[in-house]
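Data file: query.txt. Format and content: compact mmCIF, C-alpha atoms.
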# COMPACT_ATOMS: atom_id res chain seq x y z
CA MET A 17 -22.61 9.70 -34.03
CA VAL A 18 -18.84 9.85 -34.43
CA GLN A 19 -16.95 9.74 -31.18
CA ARG A 20 -13.82 11.86 -31.07
CA THR A 21 -10.77 9.90 -30.02
CA VAL A 22 -8.01 11.51 -28.02
CA ASN A 23 -4.46 10.85 -29.12
CA PRO A 24 -2.36 11.05 -25.93
CA LEU A 25 0.72 11.90 -27.99
CA LEU A 26 -0.62 15.20 -29.34
CA PRO A 27 -0.17 18.38 -27.27
CA VAL A 28 -3.19 19.88 -25.57
CA ALA A 29 -1.65 22.81 -23.72
CA ASP A 30 -4.25 25.18 -25.19
CA ASP A 31 -7.01 23.14 -23.54
CA TYR A 32 -5.40 23.26 -20.11
CA ARG A 33 -7.31 25.11 -17.37
CA GLY A 34 -5.92 24.95 -13.83
CA SER A 35 -4.16 22.31 -11.80
CA LEU A 36 -5.10 18.67 -11.65
CA ILE A 37 -4.74 16.95 -8.29
CA LEU A 38 -4.68 13.16 -8.07
CA VAL A 39 -5.95 11.47 -4.92
CA GLY A 40 -6.55 7.84 -4.17
CA PRO A 41 -5.17 4.87 -2.30
CA MET A 42 -1.69 3.45 -2.53
CA GLY A 43 -1.22 1.61 -5.78
CA SER A 44 -3.91 3.52 -7.67
CA GLY A 45 -1.38 4.99 -10.10
CA LYS A 46 -1.22 8.60 -8.91
CA SER A 47 2.49 9.08 -9.62
CA THR A 48 2.49 7.18 -12.91
CA ILE A 49 -0.62 8.92 -14.24
CA GLY A 50 0.55 12.25 -12.83
CA ARG A 51 3.79 12.15 -14.80
CA LEU A 52 1.92 11.28 -18.00
CA LEU A 53 -0.64 14.05 -17.46
CA ALA A 54 2.00 16.65 -16.74
CA ALA A 55 3.95 15.74 -19.87
CA ARG A 56 0.78 15.76 -21.96
CA LEU A 57 -0.36 19.12 -20.59
CA HIS A 58 3.12 20.69 -20.59
CA VAL A 59 2.98 21.62 -16.92
CA PRO A 60 5.15 20.63 -13.93
CA PHE A 61 4.55 17.32 -12.19
CA VAL A 62 4.70 17.53 -8.40
CA ASP A 63 4.62 14.58 -5.98
CA SER A 64 3.95 15.64 -2.39
CA ASP A 65 5.73 12.58 -0.99
CA ALA A 66 8.80 13.34 -3.12
CA ILE A 67 8.90 16.88 -1.71
CA ILE A 68 8.84 15.48 1.83
CA LEU A 69 11.71 13.13 0.94
CA GLU A 70 13.66 16.01 -0.57
CA ASN A 71 13.03 18.30 2.41
CA THR A 72 14.01 15.73 5.03
CA GLY A 73 16.66 13.75 3.21
CA VAL A 74 15.26 10.52 4.63
CA SER A 75 12.71 7.93 3.54
CA ILE A 76 9.06 8.01 4.52
CA ASN A 77 9.71 4.80 6.47
CA THR A 78 12.33 6.65 8.52
CA ILE A 79 9.96 9.55 9.18
CA PHE A 80 7.31 7.07 10.37
CA GLU A 81 9.88 5.34 12.62
CA ILE A 82 11.04 8.59 14.22
CA GLU A 83 7.95 10.80 14.18
CA GLY A 84 5.12 8.31 13.66
CA GLU A 85 2.26 8.77 11.27
CA ALA A 86 1.20 11.99 13.02
CA GLY A 87 4.59 13.58 12.35
CA PHE A 88 4.48 12.55 8.73
CA ARG A 89 0.94 13.94 8.31
CA LEU A 90 2.08 17.31 9.73
CA ARG A 91 4.89 17.43 7.16
CA GLU A 92 2.44 16.44 4.42
CA SER A 93 0.00 19.19 5.45
CA ARG A 94 2.78 21.81 5.37
CA VAL A 95 3.80 20.76 1.87
CA ILE A 96 0.21 20.88 0.59
CA ALA A 97 -0.37 24.31 2.18
CA GLU A 98 2.84 25.62 0.57
CA LEU A 99 1.82 24.25 -2.84
CA ALA A 100 -1.65 25.77 -2.50
CA ALA A 101 -0.14 29.16 -1.58
CA LYS A 102 1.99 29.16 -4.74
CA ALA A 103 -1.14 28.85 -6.86
CA GLY A 104 0.91 27.67 -9.83
CA THR A 105 -0.48 25.37 -12.49
CA MET A 106 0.65 21.76 -12.02
CA VAL A 107 -0.31 18.13 -11.85
CA LEU A 108 -0.06 17.06 -8.20
CA ALA A 109 0.09 13.47 -6.98
CA THR A 110 -0.72 13.27 -3.28
CA GLY A 111 0.01 10.59 -0.74
CA GLY A 112 -2.83 8.16 -0.05
CA GLY A 113 -3.60 9.70 3.34
CA ALA A 114 -3.41 13.37 2.33
CA VAL A 115 -7.21 13.64 2.29
CA LEU A 116 -7.50 12.72 5.97
CA SER A 117 -6.96 16.37 6.92
CA ALA A 118 -9.90 18.72 6.33
CA ALA A 119 -7.45 21.58 5.71
CA ASN A 120 -5.66 19.50 3.06
CA ARG A 121 -8.96 18.70 1.35
CA GLU A 122 -9.83 22.38 1.24
CA HIS A 123 -6.40 23.28 -0.18
CA LEU A 124 -6.55 20.54 -2.80
CA ARG A 125 -10.02 21.53 -4.03
CA GLY A 126 -8.95 25.17 -4.08
CA MET A 127 -5.95 24.40 -6.32
CA GLY A 128 -7.92 22.93 -9.21
CA ARG A 129 -9.77 19.79 -10.23
CA VAL A 130 -9.37 16.78 -7.96
CA VAL A 131 -9.39 13.36 -9.61
CA TYR A 132 -9.95 10.25 -7.50
CA LEU A 133 -8.13 7.25 -8.96
CA ASP A 134 -10.25 4.49 -7.50
CA VAL A 135 -8.78 1.00 -7.32
CA SER A 136 -10.15 -2.16 -5.73
CA VAL A 137 -8.40 -3.88 -2.85
CA GLU A 138 -7.89 -6.91 -5.10
CA GLU A 139 -6.02 -4.78 -7.65
CA GLN A 140 -4.03 -3.07 -4.89
CA LEU A 141 -2.93 -6.47 -3.64
CA LYS A 142 -1.59 -7.33 -7.10
CA ARG A 143 0.24 -4.02 -7.39
CA LEU A 144 1.58 -3.72 -3.84
CA ARG A 145 2.23 -7.26 -2.61
CA GLN A 146 6.02 -6.94 -2.96
CA ASP A 147 6.26 -3.25 -2.00
CA ARG A 148 8.35 -2.72 1.13
CA SER A 149 8.57 1.07 0.88
CA ARG A 150 5.17 1.90 2.39
CA PRO A 151 5.15 1.97 6.20
CA LEU A 152 1.41 1.46 6.57
CA LEU A 153 1.66 -1.79 4.62
CA GLN A 154 4.32 -3.46 6.75
CA VAL A 155 1.79 -5.79 8.38
CA ALA A 156 1.12 -9.53 8.49
CA ASP A 157 -2.31 -9.29 6.82
CA LEU A 158 -1.93 -6.90 3.90
CA GLU A 159 -5.44 -7.51 2.56
CA GLN A 160 -7.04 -6.65 5.90
CA ARG A 161 -4.95 -3.46 6.18
CA LEU A 162 -5.95 -2.36 2.68
CA ARG A 163 -9.62 -3.08 3.42
CA SER A 164 -9.43 -1.09 6.66
CA LEU A 165 -7.80 1.87 4.92
CA ALA A 166 -10.36 1.71 2.09
CA GLU A 167 -13.26 1.71 4.53
CA ILE A 168 -12.00 4.91 6.14
CA ARG A 169 -10.57 6.72 3.13
CA ASN A 170 -12.76 5.87 0.13
CA PRO A 171 -15.70 8.01 1.31
CA ILE A 172 -13.29 10.91 1.87
CA TYR A 173 -11.77 10.50 -1.61
CA ARG A 174 -15.28 10.59 -3.11
CA GLU A 175 -16.21 13.66 -1.08
CA THR A 176 -13.04 15.50 -2.10
CA ALA A 177 -12.92 14.67 -5.80
CA HIS A 178 -14.55 16.40 -8.71
CA TRP A 179 -14.13 13.22 -10.79
CA ARG A 180 -13.73 9.55 -9.98
CA ILE A 181 -12.09 7.06 -12.32
CA LYS A 182 -12.06 3.33 -11.62
CA THR A 183 -8.59 2.17 -12.68
CA ASP A 184 -8.98 -1.61 -12.35
CA GLY A 185 -8.14 -3.30 -15.62
CA LEU A 186 -7.17 -0.04 -17.34
CA ARG A 187 -3.79 0.78 -18.84
CA ALA A 188 -2.20 4.11 -17.96
CA ASP A 189 -3.03 5.57 -21.39
CA GLN A 190 -6.70 4.67 -20.92
CA VAL A 191 -6.83 6.43 -17.55
CA LEU A 192 -5.03 9.41 -19.07
CA ARG A 193 -7.61 9.70 -21.87
CA ARG A 194 -10.50 9.59 -19.39
CA ILE A 195 -8.98 12.33 -17.27
CA LEU A 196 -8.33 14.50 -20.32
CA ARG A 197 -11.90 13.99 -21.53
CA PHE A 198 -13.31 15.08 -18.15
CA HIS A 199 -10.89 17.96 -18.00
CA ARG A 200 -11.90 19.29 -21.42
CA GLN A 201 -15.56 19.20 -20.41
CA ALA A 202 -14.98 21.09 -17.16
CA PRO A 203 -16.34 24.62 -16.95

Take the structure I supplied and represent it as structure tokens, if you would.
Amino acid sequence: MVQRTVNPLLPVADDYRGSLILVGPMGSGKSTIGRLLAARLHVPFVDSDAIILENTGVSINTIFEIEGEAGFRLRESRVIAELAAKAGTMVLATGGGAVLSAANREHLRGMGRVVYLDVSVEEQLKRLRQDRSRPLLQVADLEQRLRSLAEIRNPIYRETAHWRIKTDGLRADQVLRRILRFHRQAP
């Protein structure tokens, strides 16, 4: 049997059916993969965290300092609800905690296909060790924080997603090809 290979440089706009929503933990590649997918599919790329930054004019760290995580999550939920109401076709990269809200999960699944970019804690540590921009990671024991977040969030990511892709050891183009393959097979 000959297996068809996907060339990520060729356009596939004709194959595109609905929005793709990327969920997963910090460091899973949602923004990087999201930009590549959007370019490949010729649709807008939207990053919910970037919208919050644009709307507030301050960093996520500042929002956490002033309003706490609860304030940030309210802002995040408003952005997701607004995006869901627009019902436009897009590739959406969500923040790692966006799935914590049941309303957000419902909106995300209603917008299109949800893809869970699954990454191990070990890989997250490699990718995030020097990152100072994420308020939830400003702790003494980064590994323990990532394990705690994974324990809570990973089951919710699995419940929310239509597809799950393990990203450990994969290049961005390999993840992109897997998503496109799943997407083409979707009803």

**Request:** Would you work out the distance separating atom CA of Leu57 of chain A from atom CA of Asn170 of chain A, expressed in Å to one decimal?
**Result:**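 Rounded to one decimal, the two atoms are 27.5 Å apart.
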
**Request:** Rank A:Val95, A:Ile168, A:Leu144, A:Leu133 by their smallest atom-to-atom distance to Glu70 of chain A, using all atoms listed in the file, and report the top residue only.
**Result:** A:Val95

**Asked** Val39 of chain A: which residues within 12 Å, counting all atoms listed in the file, same-chain residues fewer than 3 positions away excluded, as an MDAnalysis selection string?
**Response** chainID A and resid 36 42:47 49:50 63:64 107:116 120:121 124:125 129:135 169:170 172:181

**Request:** Go ahead and find all residues with at least one atom no further than 10 Å from (3.2, 14.7, -19.8) in the file's coordinates, using all atoms listed in the file; report them as a count of residues only.
**Result:** 18

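Within 9 Å of the point (-10.8, -2.5, -1.1), and counting all atoms listed in the file, the protein, DNA and RNA residues are A:Val135, A:Ser136, A:Val137, A:Glu138, A:Glu139, A:Gln140, A:Glu159, A:Gln160, A:Leu162, A:Arg163, A:Ser164, A:Leu165, A:Ala166, A:Glu167, A:Asn170.
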
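The residue that comes closest to Arg91 of chain A, out of A:Ile68, A:Leu158, A:Ala118, A:Ala202 and on the basis of all atoms listed in the file, is A:Ile68.
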
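Note that the spacing between atom CA of Phe88 of chain A and atom CA of Thr183 of chain A amounts to 27.1 Å.
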